[in-house]
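Accompanying notes for the structure given below.
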Amino acid sequence: MSPRPPREASRSARSSRNVRDELAAARREHREARRRVRAHDRDEIRRFTAHLRRRRIALLASISSVVGLAIFVGVGVFSPVMAITQITVSGTYRVDPTVITSSLAGQIGRPLPLVDISLVESTLAMQPLVKSYEIQSLPPHTLVINIVERSPLGYLSTPHGYALVDPAGVTIEMTSQQTPGFPLIDVAGGSPTSAGFPAAVSVLRALPDTLRNQVATIRASSLDNVEFTLTTASERVMWGDASQSELKARVFESLLANYPAGSVSLYDVSSPGSAVVK
């Protein structure tokens, strides 16, 4: 057999290399295609299972919140961490705070969230001098009761003595004699339900403090007939009805400045546009 010519051998070698290169390229393209397919499949799986993952996350978050709330409630409500050790009453002047704290002594040791609010309310309702109140929890161990007391306005004369009342007619205290600074409210029957009582209250509340403190006795036989006397020299002040009380108070204050107490016996401001002194 005769040897292959050199040119033919060279062509054969190049052909073999080309075949190997083509096979290698085909294998690379095949691997790349498989990678693309796997990536596409992963993306599709993620897309179709995303709502499942979100649902799992939401469920885990809900469970965590419930567990956390249960722990907080358990610690705050049923453990001694928030137990009451002190009850404080503020804003009292005539009300005895120890009466209130003694009535609520059974709440000591209870967690703040479990305070018997109805018991607190009923205890305060038994105090006629309490006008309003606010219950405040001051963690970790204090219950605060802020009280607004009724403001005394004047005295009513009763068969049992003098009743110091507020503008609503609620008795603040009973005394055997009047305390200076609060006038006697002279109305029918010495009762806050009399027809003249609201008129007397309206007039007294319209007076500035400096003038109200000078009133000795205020009489109101009806809604239209109010008059009072002063403590200085028993001067009479004719007021008329309770209308325009603020204007009448300013006119009366001006009359006092020009005609001091003791220089006249009567101030008539029932018609504030034409006041009269005598």
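Identifiers in this document derive from the order of the structure tokens: chains are assigned A, B, ..., residues are numbered from 1 separately in each chain, and ligands are numbered from 1 in order of occurrence.
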Surrounding residues of Ala242 in chain A excluding itself and chain neighbours under 4 positions, 10 Å, only C-alpha atoms, as a list in words:
Gly196, Pro198, Ala199, Ala200, Val201, Ser202, Val203, Leu204, Ala206, Ala220, Leu223, Asp224, Asn225, Val226, Glu246, Lys248 and Ser270 of chain A
Written file, previous selection with C-alpha atoms, as an mmCIF file, in the first residue's frame:
```cif
data_model
loop_
_atom_site.group_PDB
_atom_site.id
_atom_site.type_symbol
_atom_site.label_atom_id
_atom_site.label_comp_id
_atom_site.auth_asym_id
_atom_site.auth_seq_id
_atom_site.Cartn_x
_atom_site.Cartn_y
_atom_site.Cartn_z
ATOM 1 C CA GLY A 196 -86.063 82.243 93.178
ATOM 2 C CA PRO A 198 -81.824 79.919 90.035
ATOM 3 C CA ALA A 199 -82.146 83.710 89.777
ATOM 4 C CA ALA A 200 -80.080 84.249 92.922
ATOM 5 C CA VAL A 201 -77.418 81.855 91.641
ATOM 6 C CA SER A 202 -77.294 83.638 88.276
ATOM 7 C CA VAL A 203 -76.768 87.011 89.946
ATOM 8 C CA LEU A 204 -74.078 85.763 92.344
ATOM 9 C CA ALA A 206 -72.256 87.240 87.448
ATOM 10 C CA ALA A 220 -85.044 86.260 95.406
ATOM 11 C CA LEU A 223 -87.285 85.071 88.993
ATOM 12 C CA ASP A 224 -88.033 88.778 88.478
ATOM 13 C CA ASN A 225 -87.339 90.186 91.916
ATOM 14 C CA VAL A 226 -83.749 89.874 93.163
ATOM 15 C CA GLU A 246 -73.122 90.691 83.495
ATOM 16 C CA LYS A 248 -75.650 95.006 85.655
ATOM 17 C CA SER A 270 -82.634 96.876 87.598
#
```
Which neighbours of Gln214 in chain A fall inside 8 Å, counting only C-alpha atoms, when residues of the same chain fewer than 6 positions from it are skipped, and could you give them as a ChimeraX atom specification?
/A:181,230-232
Next item on the list: Pull the alpha helix (DSSP H) assignments for range 36-268 of chain A out of DSSP run on the backbone, and list those residues as a PyMOL selection string.
Entry: chain A and resi 36-78+97-103+117-125+197-206+209-212+245-258
With range 136-159 of chain A as the partner and 9 Å as the cut-off, tabulate the residues of range 187-260 of chain A that qualify, each row holding the nearest pair of atoms and their distance in Å to one decimal, using only C-alpha atoms, sorted by chain and rising number, as a tab-separated table.
```
residue	atom	partner	partner_atom	distance
A:Val187	CA	A:Leu156	CA	8.0
A:Gly189	CA	A:Thr158	CA	7.9
A:Gly190	CA	A:Leu156	CA	5.3
A:Ser191	CA	A:Leu156	CA	7.1
A:Pro192	CA	A:Leu156	CA	8.1
A:Val201	CA	A:Leu153	CA	7.9
A:Leu204	CA	A:Leu153	CA	7.9
A:Arg205	CA	A:Leu153	CA	8.4
```
Computed gap from CA of Pro272 in chain A to CA of Asp241 in chain A is 11.4 Å
Residues within 10 Å of Ser271 in chain A, please, as a list in words. Count only C-alpha atoms; anything in the same chain fewer than 6 positions from it doesn't count.
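Counting only the stated atoms, we get Met238, Trp239, Gly240, Asp241, Gln244, Lys248 and Val251 of chain A.
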I need the residues from that last selection saved to file as a PDB file, in the first residue's frame (with N, CA and C atoms), if you can.
```pdb
ATOM      1  N   MET A 238     -80.846  96.894  94.327  1.00  0.00           N
ATOM      2  CA  MET A 238     -82.010  96.405  93.590  1.00  0.00           C
ATOM      3  C   MET A 238     -81.532  95.890  92.230  1.00  0.00           C
ATOM      4  N   TRP A 239     -81.735  94.603  92.006  1.00  0.00           N
ATOM      5  CA  TRP A 239     -81.217  93.963  90.787  1.00  0.00           C
ATOM      6  C   TRP A 239     -82.316  93.692  89.762  1.00  0.00           C
ATOM      7  N   GLY A 240     -83.492  93.467  90.209  1.00  0.00           N
ATOM      8  CA  GLY A 240     -84.569  93.115  89.277  1.00  0.00           C
ATOM      9  C   GLY A 240     -84.493  91.640  88.906  1.00  0.00           C
ATOM     10  N   ASP A 241     -84.687  91.337  87.629  1.00  0.00           N
ATOM     11  CA  ASP A 241     -84.597  89.933  87.214  1.00  0.00           C
ATOM     12  C   ASP A 241     -83.144  89.590  86.913  1.00  0.00           C
ATOM     13  N   GLN A 244     -79.421  90.188  81.808  1.00  0.00           N
ATOM     14  CA  GLN A 244     -78.356  91.194  81.684  1.00  0.00           C
ATOM     15  C   GLN A 244     -77.508  91.272  82.959  1.00  0.00           C
ATOM     16  N   LYS A 248     -75.292  94.404  84.366  1.00  0.00           N
ATOM     17  CA  LYS A 248     -75.650  95.006  85.655  1.00  0.00           C
ATOM     18  C   LYS A 248     -74.473  94.961  86.629  1.00  0.00           C
ATOM     19  N   VAL A 251     -72.164  97.789  85.719  1.00  0.00           N
ATOM     20  CA  VAL A 251     -72.759  99.077  86.123  1.00  0.00           C
ATOM     21  C   VAL A 251     -72.660  99.251  87.638  1.00  0.00           C
TER      22      VAL A 251
END
```
